[in-house]
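Participant: Please find protein_3.pdb (PDB, C-alpha atoms) on the next line:
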ATOM      1  CA  MET C1321     177.687   7.522  78.073
ATOM      2  CA  GLY C1322     175.619   8.611  81.045
ATOM      3  CA  THR C1323     175.922   7.262  84.563
ATOM      4  CA  ILE C1324     172.843   6.619  86.674
ATOM      5  CA  LYS C1325     173.127   8.261  90.111
ATOM      6  CA  VAL C1326     170.374   7.336  92.552
ATOM      7  CA  HIS C1327     169.520   9.618  95.493
ATOM      8  CA  GLU C1328     167.304   8.127  98.186
ATOM      9  CA  PHE C1329     166.207   8.861 101.733
ATOM     10  CA  THR C1330     166.191   5.466 103.447
ATOM     11  CA  THR C1331     165.708   3.941 106.871
ATOM     12  CA  LEU C1332     168.286   1.714 108.524
ATOM     13  CA  ASP C1333     166.380  -1.308 107.224
ATOM     14  CA  GLY C1334     166.215   0.009 103.648
ATOM     15  CA  VAL C1335     162.652   1.376 103.491
ATOM     16  CA  VAL C1336     162.304   4.125 100.867
ATOM     17  CA  ASP C1337     158.648   4.524  99.908
ATOM     18  CA  GLU C1338     156.644   7.525 101.134
ATOM     19  CA  PRO C1339     159.357   8.971 103.387
ATOM     20  CA  ARG C1340     157.014  10.828 105.737
ATOM     21  CA  TRP C1341     159.131   9.303 108.495
ATOM     22  CA  THR C1342     161.830  11.894 107.651
ATOM     23  CA  PHE C1343     159.613  14.645 109.082
ATOM     24  CA  GLY C1344     160.749  13.783 112.596
ATOM     25  CA  PHE C1345     164.304  14.858 111.736
ATOM     26  CA  ASP C1346     165.520  18.376 111.065
ATOM     27  CA  PHE C1347     166.813  18.906 107.537
ATOM     28  CA  ASP C1348     170.502  19.707 107.935
ATOM     29  CA  PRO C1349     171.596  22.384 105.417
ATOM     30  CA  ARG C1350     174.618  20.220 104.601
ATOM     31  CA  MET C1351     172.187  17.616 103.245
ATOM     32  CA  GLY C1352     170.898  20.214 100.794
ATOM     33  CA  GLN C1353     174.457  21.024  99.788
ATOM     34  CA  ALA C1354     175.178  17.344  99.155
ATOM     35  CA  ILE C1355     172.048  16.997  97.016
ATOM     36  CA  GLY C1356     172.999  20.179  95.131
ATOM     37  CA  GLU C1357     176.481  18.807  94.451
ATOM     38  CA  LEU C1358     174.957  15.572  93.168
ATOM     39  CA  MET C1359     172.590  17.481  90.889
ATOM     40  CA  SER C1360     175.412  19.694  89.602
ATOM     41  CA  GLY C1361     177.182  16.588  88.296
ATOM     42  CA  CYS C1362     174.115  15.511  86.318
ATOM     43  CA  THR C1363     172.694  16.591  82.990
ATOM     44  CA  ALA C1364     169.432  14.602  82.945
ATOM     45  CA  ILE C1365     166.783  13.154  85.243
ATOM     46  CA  LEU C1366     165.246   9.669  85.135
ATOM     47  CA  LEU C1367     161.915   9.130  86.889
ATOM     48  CA  GLY C1368     159.208   6.542  87.296
ATOM     49  CA  ARG C1369     155.626   7.598  86.655
ATOM     50  CA  THR C1370     154.577   7.970  90.290
ATOM     51  CA  THR C1371     157.534  10.205  91.175
ATOM     52  CA  TYR C1372     157.049  12.185  87.960
ATOM     53  CA  GLU C1373     153.401  12.787  88.905
ATOM     54  CA  MET C1374     154.483  13.976  92.381
ATOM     55  CA  PHE C1375     157.404  16.112  91.166
ATOM     56  CA  GLU C1376     155.752  17.822  88.172
ATOM     57  CA  PRO C1377     153.208  19.934  90.090
ATOM     58  CA  ALA C1378     155.715  20.684  92.858
ATOM     59  CA  TRP C1379     158.763  21.611  90.768
ATOM     60  CA  SER C1380     157.301  23.008  87.541
ATOM     61  CA  VAL C1381     156.047  26.133  89.336
ATOM     62  CA  ARG C1382     159.242  26.796  91.317
ATOM     63  CA  SER C1383     161.938  29.242  90.392
ATOM     64  CA  ALA C1384     165.537  29.597  91.565
ATOM     65  CA  GLU C1385     164.283  32.155  94.086
ATOM     66  CA  ASP C1386     161.966  29.503  95.564
ATOM     67  CA  ASP C1387     164.518  26.688  95.589
ATOM     68  CA  PRO C1388     168.084  26.540  94.233
ATOM     69  CA  GLY C1389     167.327  23.108  92.743
ATOM     70  CA  ALA C1390     164.477  24.411  90.564
ATOM     71  CA  PRO C1391     166.560  25.287  87.480
ATOM     72  CA  PHE C1392     168.050  21.784  87.398
ATOM     73  CA  MET C1393     164.675  20.117  87.902
ATOM     74  CA  ASN C1394     162.912  22.254  85.294
ATOM     75  CA  ASP C1395     165.603  22.777  82.657
ATOM     76  CA  SER C1396     167.141  19.299  82.539
ATOM     77  CA  THR C1397     165.761  16.672  80.190
ATOM     78  CA  LYS C1398     163.540  14.350  82.176
ATOM     79  CA  TYR C1399     163.139  10.751  80.996
ATOM     80  CA  VAL C1400     160.012   9.109  82.408
ATOM     81  CA  VAL C1401     159.557   5.344  82.510
ATOM     82  CA  SER C1402     155.873   4.443  82.369
ATOM     83  CA  SER C1403     153.596   1.997  80.588
ATOM     84  CA  THR C1404     150.527   4.181  81.220
ATOM     85  CA  LEU C1405     151.589   7.822  80.848
ATOM     86  CA  ARG C1406     150.676   9.036  77.343
ATOM     87  CA  GLU C1407     151.761  12.662  77.451
ATOM     88  CA  SER C1408     153.996  14.859  79.522
ATOM     89  CA  THR C1409     152.962  18.136  81.092
ATOM     90  CA  TRP C1410     156.390  19.249  82.308
ATOM     91  CA  ARG C1411     158.744  20.913  79.872
ATOM     92  CA  ASN C1412     161.806  18.996  78.666
ATOM     93  CA  THR C1413     160.186  15.623  79.355
ATOM     94  CA  GLU C1414     160.546  12.539  77.180
ATOM     95  CA  LEU C1415     158.481   9.405  77.759
ATOM     96  CA  VAL C1416     160.605   6.249  77.620
ATOM     97  CA  GLY C1417     157.709   3.780  77.678
ATOM     98  CA  ALA C1418     157.382   0.719  79.863
ATOM     99  CA  TYR C1419     160.432  -0.453  81.771
ATOM    100  CA  ASN C1420     162.824  -2.308  79.542
ATOM    101  CA  PRO C1421     166.572  -2.510  80.252
ATOM    102  CA  ASP C1422     167.326  -1.782  76.588
ATOM    103  CA  ASN C1423     165.332   1.478  76.768
ATOM    104  CA  ILE C1424     167.390   2.513  79.795
ATOM    105  CA  ARG C1425     170.635   1.620  78.007
ATOM    106  CA  ARG C1426     169.517   3.867  75.121
ATOM    107  CA  VAL C1427     168.951   6.726  77.592
ATOM    108  CA  LYS C1428     172.393   6.136  79.117
ATOM    109  CA  ASP C1429     173.933   6.141  75.615
ATOM    110  CA  ALA C1430     172.145   9.397  74.728
ATOM    111  CA  VAL C1431     173.171  11.321  77.846
ATOM    112  CA  ASP C1432     176.605  12.805  78.364
ATOM    113  CA  GLY C1433     177.025  13.052  82.131
ATOM    114  CA  GLY C1434     175.152  11.970  85.208
ATOM    115  CA  ILE C1435     171.526  10.888  85.177
ATOM    116  CA  TYR C1436     169.854  11.842  88.470
ATOM    117  CA  ILE C1437     167.152   9.731  90.084
ATOM    118  CA  SER C1438     165.325  10.719  93.247
ATOM    119  CA  GLY C1439     162.609   8.483  94.621
ATOM    120  CA  SER C1440     161.222   6.194  91.915
ATOM    121  CA  SER C1441     161.847   3.149  94.109
ATOM    122  CA  THR C1442     160.122   0.637  91.810
ATOM    123  CA  LEU C1443     162.233   1.859  88.908
ATOM    124  CA  VAL C1444     165.409   1.894  91.018
ATOM    125  CA  ARG C1445     164.854  -1.704  92.166
ATOM    126  CA  ALA C1446     164.471  -2.809  88.539
ATOM    127  CA  LEU C1447     167.565  -0.842  87.491
ATOM    128  CA  MET C1448     169.620  -2.409  90.287
ATOM    129  CA  ALA C1449     168.363  -5.902  89.430
ATOM    130  CA  ASP C1450     169.527  -5.304  85.840
ATOM    131  CA  GLY C1451     172.887  -3.847  86.904
ATOM    132  CA  LEU C1452     172.143  -0.388  85.500
ATOM    133  CA  VAL C1453     172.731   1.796  88.590
ATOM    134  CA  ASP C1454     176.238   3.263  88.747
ATOM    135  CA  GLU C1455     176.081   5.172  92.046
ATOM    136  CA  LEU C1456     173.919   5.162  95.172
ATOM    137  CA  HIS C1457     173.630   8.349  97.249
ATOM    138  CA  LEU C1458     171.847   7.269 100.412
ATOM    139  CA  PHE C1459     170.710   9.496 103.245
ATOM    140  CA  VAL C1460     170.214   6.901 105.989
ATOM    141  CA  PHE C1461     167.851   7.974 108.765
ATOM    142  CA  PRO C1462     168.191   6.358 112.224
ATOM    143  CA  ILE C1463     164.809   4.663 112.195
ATOM    144  CA  THR C1464     163.412   1.286 111.123
ATOM    145  CA  ARG C1465     160.018   0.712 109.503
ATOM    146  CA  ALA C1466     159.979  -3.098 109.112
ATOM    147  CA  THR C1467     156.966  -3.473 106.792
ATOM    148  CA  GLU C1468     157.344  -0.925 104.014
ATOM    149  CA  PRO C1469     158.833  -1.602 100.541
ATOM    150  CA  ARG C1470     162.612  -1.646 100.624
ATOM    151  CA  LEU C1471     165.212  -0.219  98.286
ATOM    152  CA  PHE C1472     167.187  -3.317  97.473
ATOM    153  CA  PRO C1473     165.901  -6.036  95.146
ATOM    154  CA  GLU C1474     166.512  -9.644  96.002
ATOM    155  CA  VAL C1475     169.642  -9.647  93.873
ATOM    156  CA  ALA C1476     173.126  -9.656  95.368
ATOM    157  CA  THR C1477     175.346  -6.793  94.216
ATOM    158  CA  THR C1478     178.721  -5.624  95.470
ATOM    159  CA  TRP C1479     179.167  -1.906  96.077
ATOM    160  CA  SER C1480     182.203   0.165  97.073
ATOM    161  CA  LEU C1481     181.897   2.962  99.617
ATOM    162  CA  THR C1482     183.214   6.108  97.921
ATOM    163  CA  GLY C1483     182.085   8.785 100.378
ATOM    164  CA  HIS C1484     180.402   9.348 103.701
ATOM    165  CA  ASP C1485     179.294  12.084 106.040
ATOM    166  CA  ALA C1486     177.362  12.327 109.300
ATOM    167  CA  TYR C1487     175.010  15.182 110.100
ATOM    168  CA  ASP C1488     173.941  16.747 113.387
ATOM    169  CA  ASN C1489     170.403  15.376 112.857
ATOM    170  CA  ARG C1490     171.869  11.827 113.121
ATOM    171  CA  VAL C1491     171.457  11.115 109.386
ATOM    172  CA  LEU C1492     174.321   9.433 107.536
ATOM    173  CA  TYR C1493     175.141  10.224 103.914
ATOM    174  CA  LEU C1494     176.696   7.220 102.207
ATOM    175  CA  THR C1495     177.870   7.158  98.599
ATOM    176  CA  TYR C1496     178.490   3.854  96.862
ATOM    177  CA  SER C1497     179.658   2.932  93.371
ATOM    178  CA  ARG C1498     179.274  -0.403  91.668
ATOM    179  CA  SER C1499     182.415  -2.373  92.302
ATOM    180  CA  ALA C1500     184.537  -3.007  89.225
ATOM    181  CA  GLY C1501     184.011  -6.555  88.068
ATOM    182  CA  ALA C1502     181.122  -7.076  90.506
ATOM    183  CA  GLN C1503     179.123 -10.203  89.963
ATOM    184  CA  ASP C1504     175.356  -9.839  90.222
TER
END
So, in terms of structure tokens, how does the structure I just supplied come out?

Facilitator:
Amino acid sequence: MGTIKVHEFTTLDGVVDEPRWTFGFDFDPRMGQAIGELMSGCTAILLGRTTYEMFEPAWSVRSAEDDPGAPFMNDSTKYVVSSTLRESTWRNTELVGAYNPDNIRRVKDAVDGGIYISGSSTLVRALMADGLVDELHLFVFPITRATEPRLFPEVATTWSLTGHDAYDNRVLYLTYSRSAGAQD
């Protein structure tokens, strides 16, 4: 059974949408290494429609020479959750249909290994509300946004800190797993 591993860039107050606010911070190479390690433990990708439509034109034309993450992004099976997308244009893509927790459970049952999610905040909020996220990999930037959509749904969940790092650009990398026996 697959495990859903969410990777997000977030502000201190949990804002995740349109992370243009990250541009004011240098990208520490160790952040890229951490993302690469996360990807290497995954065998599939789960995306919402908006992130799919942003990623497809950016990643589908990249090679390993352009970016070391390109083979993972292009060769892995991508599962896309969307009620409006009718066909995929990126190889190895399967459309899951509209969000339904049972559809996500079927994806988890079909995948052997980690299922990587980057972005897709609407999807991630729904997955967390339904208790389907197994790990959070958060790059927390030292900034607040106050009015943007936030990562966490209005559902209480208990998480266990399983890893952390601090980078020279003042970004924290925090890894959390769902606590065993957690009550949502």

Participant: Report as a ChimeraX atom specification the full result of the PyMOL selection byres ((chain C and resi 1463-1479) around 9) when it is applied to this structure.

Facilitator: /C:1328,1330-1338,1341,1441-1442,1444-1446,1448-1449,1451,1455-1456,1460-1462,1480-1481,1496-1500,1502-1504

Participant: Please dump the current selection as a PDB file, in the frame of the given file; keep C-alpha atoms.

Facilitator:
ATOM      1  CA  GLU C1328     167.304   8.127  98.186  1.00  0.00           C
ATOM      2  CA  THR C1330     166.191   5.466 103.447  1.00  0.00           C
ATOM      3  CA  THR C1331     165.708   3.941 106.871  1.00  0.00           C
ATOM      4  CA  LEU C1332     168.286   1.714 108.524  1.00  0.00           C
ATOM      5  CA  ASP C1333     166.380  -1.308 107.224  1.00  0.00           C
ATOM      6  CA  GLY C1334     166.215   0.009 103.648  1.00  0.00           C
ATOM      7  CA  VAL C1335     162.652   1.376 103.491  1.00  0.00           C
ATOM      8  CA  VAL C1336     162.304   4.125 100.867  1.00  0.00           C
ATOM      9  CA  ASP C1337     158.648   4.524  99.908  1.00  0.00           C
ATOM     10  CA  GLU C1338     156.644   7.525 101.134  1.00  0.00           C
ATOM     11  CA  TRP C1341     159.131   9.303 108.495  1.00  0.00           C
ATOM     12  CA  SER C1441     161.847   3.149  94.109  1.00  0.00           C
ATOM     13  CA  THR C1442     160.122   0.637  91.810  1.00  0.00           C
ATOM     14  CA  VAL C1444     165.409   1.894  91.018  1.00  0.00           C
ATOM     15  CA  ARG C1445     164.854  -1.704  92.166  1.00  0.00           C
ATOM     16  CA  ALA C1446     164.471  -2.809  88.539  1.00  0.00           C
ATOM     17  CA  MET C1448     169.620  -2.409  90.287  1.00  0.00           C
ATOM     18  CA  ALA C1449     168.363  -5.902  89.430  1.00  0.00           C
ATOM     19  CA  GLY C1451     172.887  -3.847  86.904  1.00  0.00           C
ATOM     20  CA  GLU C1455     176.081   5.172  92.046  1.00  0.00           C
ATOM     21  CA  LEU C1456     173.919   5.162  95.172  1.00  0.00           C
ATOM     22  CA  VAL C1460     170.214   6.901 105.989  1.00  0.00           C
ATOM     23  CA  PHE C1461     167.851   7.974 108.765  1.00  0.00           C
ATOM     24  CA  PRO C1462     168.191   6.358 112.224  1.00  0.00           C
ATOM     25  CA  SER C1480     182.203   0.165  97.073  1.00  0.00           C
ATOM     26  CA  LEU C1481     181.897   2.962  99.617  1.00  0.00           C
ATOM     27  CA  TYR C1496     178.490   3.854  96.862  1.00  0.00           C
ATOM     28  CA  SER C1497     179.658   2.932  93.371  1.00  0.00           C
ATOM     29  CA  ARG C1498     179.274  -0.403  91.668  1.00  0.00           C
ATOM     30  CA  SER C1499     182.415  -2.373  92.302  1.00  0.00           C
ATOM     31  CA  ALA C1500     184.537  -3.007  89.225  1.00  0.00           C
ATOM     32  CA  ALA C1502     181.122  -7.076  90.506  1.00  0.00           C
ATOM     33  CA  GLN C1503     179.123 -10.203  89.963  1.00  0.00           C
ATOM     34  CA  ASP C1504     175.356  -9.839  90.222  1.00  0.00           C
TER      35      ASP C1504
END

Participant: Given all atoms listed in the file, how would the per-residue table for range 1338-1429 of chain C near range 1490-1495 of chain C read, listing every residue at most 12 Å away with its closest atom pair and distance in Å to one decimal, sorted by chain and number, as a Markdown table?

Facilitator:
| residue | atom | partner | partner_atom | distance |
| --- | --- | --- | --- | --- |
| C:Thr1342 | CA | C:Val1491 | CA | 9.8 |
| C:Gly1344 | CA | C:Arg1490 | CA | 11.3 |
| C:Phe1345 | CA | C:Arg1490 | CA | 8.3 |
| C:Asp1346 | CA | C:Arg1490 | CA | 9.4 |
| C:Phe1347 | CA | C:Val1491 | CA | 9.3 |
| C:Asp1348 | CA | C:Val1491 | CA | 8.8 |
| C:Pro1349 | CA | C:Val1491 | CA | 11.9 |
| C:Arg1350 | CA | C:Tyr1493 | CA | 10.0 |
| C:Met1351 | CA | C:Tyr1493 | CA | 8.0 |
| C:Gly1352 | CA | C:Tyr1493 | CA | 11.3 |
| C:Gln1353 | CA | C:Tyr1493 | CA | 11.6 |
| C:Ala1354 | CA | C:Tyr1493 | CA | 8.6 |
| C:Ile1355 | CA | C:Tyr1493 | CA | 10.2 |
| C:Leu1358 | CA | C:Thr1495 | CA | 10.4 |

Participant: Quick one: everything within 12 Å of Ile1424 in chain C, counting only C-alpha atoms, minus sequence neighbours fewer than 5 positions away in the same chain. Send it as a VMD selection string.

Facilitator: chain C and resid 1321 to 1324 1365 to 1368 1399 to 1402 1415 to 1419 1429 to 1431 1435 1443 to 1444 1446 to 1448 1450 to 1453

Participant: Between CA of Glu1357 in chain C and CA of Asp1422 in chain C, what is the distance in Å, rounded to a tenth?

Facilitator: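 Computing it gives 28.8 Å between the two atoms.
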
Participant: Take every atom of range 1458-1468 of chain C listed in the file, fit an axis-aligned box around them, add 4 Å per side, and give the centre and edge lengths in Å to one decimal as AutoDock Vina command-line options.

Facilitator:
--center_x 164.4 --center_y 3.0 --center_z 106.3 --size_x 22.9 --size_y 21.0 --size_z 19.8

Participant: So which residues touch Thr1370 in chain C within 8 Å, counting all atoms listed in the file, skipping near sequence neighbours fewer than 3 positions away, as a ChimeraX atom specification?

Facilitator: /C:1373-1374,1440

Participant: Just give me the gap between CA of Ala1378 in chain C and CA of Val1427 in chain C in Å, one decimal is fine.

Facilitator: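 We find that CA of Ala1378 in chain C and CA of Val1427 in chain C lie 24.6 Å from each other.
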
Participant: Give me, please, the distance in Å between CA of Glu1385 in chain C and CA of Leu1458 in chain C, quoted to one decimal.

Facilitator: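 Value for the CA of Glu1385 in chain C-CA of Leu1458 in chain C distance: 26.8 Å.
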
Participant: I'd like to see the residues matched by the PyMOL selection byres ((chain C and resi 1390) around 12) on this file, and ideally I'd get them as a PDB file with C-alpha atoms, in the frame of the given file.

Facilitator:
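So the final result, stored in part_12.pdb, reads:
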ATOM      1  CA  GLY C1356     172.999  20.179  95.131  1.00  0.00           C
ATOM      2  CA  MET C1359     172.590  17.481  90.889  1.00  0.00           C
ATOM      3  CA  SER C1360     175.412  19.694  89.602  1.00  0.00           C
ATOM      4  CA  PHE C1375     157.404  16.112  91.166  1.00  0.00           C
ATOM      5  CA  GLU C1376     155.752  17.822  88.172  1.00  0.00           C
ATOM      6  CA  ALA C1378     155.715  20.684  92.858  1.00  0.00           C
ATOM      7  CA  TRP C1379     158.763  21.611  90.768  1.00  0.00           C
ATOM      8  CA  SER C1380     157.301  23.008  87.541  1.00  0.00           C
ATOM      9  CA  VAL C1381     156.047  26.133  89.336  1.00  0.00           C
ATOM     10  CA  ARG C1382     159.242  26.796  91.317  1.00  0.00           C
ATOM     11  CA  SER C1383     161.938  29.242  90.392  1.00  0.00           C
ATOM     12  CA  ALA C1384     165.537  29.597  91.565  1.00  0.00           C
ATOM     13  CA  GLU C1385     164.283  32.155  94.086  1.00  0.00           C
ATOM     14  CA  ASP C1386     161.966  29.503  95.564  1.00  0.00           C
ATOM     15  CA  ASP C1387     164.518  26.688  95.589  1.00  0.00           C
ATOM     16  CA  PRO C1388     168.084  26.540  94.233  1.00  0.00           C
ATOM     17  CA  GLY C1389     167.327  23.108  92.743  1.00  0.00           C
ATOM     18  CA  PRO C1391     166.560  25.287  87.480  1.00  0.00           C
ATOM     19  CA  PHE C1392     168.050  21.784  87.398  1.00  0.00           C
ATOM     20  CA  MET C1393     164.675  20.117  87.902  1.00  0.00           C
ATOM     21  CA  ASN C1394     162.912  22.254  85.294  1.00  0.00           C
ATOM     22  CA  ASP C1395     165.603  22.777  82.657  1.00  0.00           C
ATOM     23  CA  SER C1396     167.141  19.299  82.539  1.00  0.00           C
TER      24      SER C1396
END

Participant: Let me make sure I understand: among C:Gly1433, C:Ala1486, C:Lys1428, C:Arg1411, which one has the smallest atom-to-atom distance to Phe1459 in chain C if we use all atoms listed in the file?

Facilitator: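 Counting all atoms listed in the file, the residue closest to Phe1459 in chain C is C:Ala1486.
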
Participant: So, with all atoms listed in the file as the atoms that count, which of C:Cys1362, C:Asn1420, C:Asp1454, C:Ser1408 lies closest to Thr1482 in chain C?

Facilitator: C:Asp1454

Participant: If I only have part of range 1446-1457 of chain C, can you fill in N, CA and C atoms and write it as a PDB file, keeping the file's coordinate frame?

Facilitator:
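New file selection-v4.pdb:
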ATOM      1  N   ALA C1446     164.311  -2.138  89.833  1.00  0.00           N
ATOM      2  CA  ALA C1446     164.471  -2.809  88.539  1.00  0.00           C
ATOM      3  C   ALA C1446     165.844  -2.496  87.936  1.00  0.00           C
ATOM      4  N   LEU C1447     166.252  -1.230  88.019  1.00  0.00           N
ATOM      5  CA  LEU C1447     167.565  -0.842  87.491  1.00  0.00           C
ATOM      6  C   LEU C1447     168.690  -1.579  88.212  1.00  0.00           C
ATOM      7  N   MET C1448     168.586  -1.695  89.535  1.00  0.00           N
ATOM      8  CA  MET C1448     169.620  -2.409  90.287  1.00  0.00           C
ATOM      9  C   MET C1448     169.626  -3.891  89.929  1.00  0.00           C
ATOM     10  N   ALA C1449     168.443  -4.487  89.787  1.00  0.00           N
ATOM     11  CA  ALA C1449     168.363  -5.902  89.430  1.00  0.00           C
ATOM     12  C   ALA C1449     169.007  -6.159  88.070  1.00  0.00           C
ATOM     13  N   ASP C1450     168.937  -5.169  87.173  1.00  0.00           N
ATOM     14  CA  ASP C1450     169.527  -5.304  85.840  1.00  0.00           C
ATOM     15  C   ASP C1450     170.942  -4.736  85.752  1.00  0.00           C
ATOM     16  N   GLY C1451     171.507  -4.340  86.889  1.00  0.00           N
ATOM     17  CA  GLY C1451     172.887  -3.847  86.904  1.00  0.00           C
ATOM     18  C   GLY C1451     173.085  -2.510  86.215  1.00  0.00           C
ATOM     19  N   LEU C1452     172.069  -1.652  86.230  1.00  0.00           N
ATOM     20  CA  LEU C1452     172.143  -0.388  85.500  1.00  0.00           C
ATOM     21  C   LEU C1452     172.411   0.837  86.379  1.00  0.00           C
ATOM     22  N   VAL C1453     172.443   0.678  87.691  1.00  0.00           N
ATOM     23  CA  VAL C1453     172.731   1.796  88.590  1.00  0.00           C
ATOM     24  C   VAL C1453     174.243   1.873  88.786  1.00  0.00           C
ATOM     25  N   ASP C1454     174.790   3.061  88.600  1.00  0.00           N
ATOM     26  CA  ASP C1454     176.238   3.263  88.747  1.00  0.00           C
ATOM     27  C   ASP C1454     176.625   3.773  90.120  1.00  0.00           C
ATOM     28  N   GLU C1455     175.780   4.606  90.733  1.00  0.00           N
ATOM     29  CA  GLU C1455     176.081   5.172  92.046  1.00  0.00           C
ATOM     30  C   GLU C1455     174.814   5.233  92.891  1.00  0.00           C
ATOM     31  N   LEU C1456     174.987   4.974  94.195  1.00  0.00           N
ATOM     32  CA  LEU C1456     173.919   5.162  95.172  1.00  0.00           C
ATOM     33  C   LEU C1456     174.325   6.292  96.102  1.00  0.00           C
ATOM     34  N   HIS C1457     173.432   7.239  96.314  1.00  0.00           N
ATOM     35  CA  HIS C1457     173.630   8.349  97.249  1.00  0.00           C
ATOM     36  C   HIS C1457     172.518   8.219  98.278  1.00  0.00           C
TER      37      HIS C1457
END
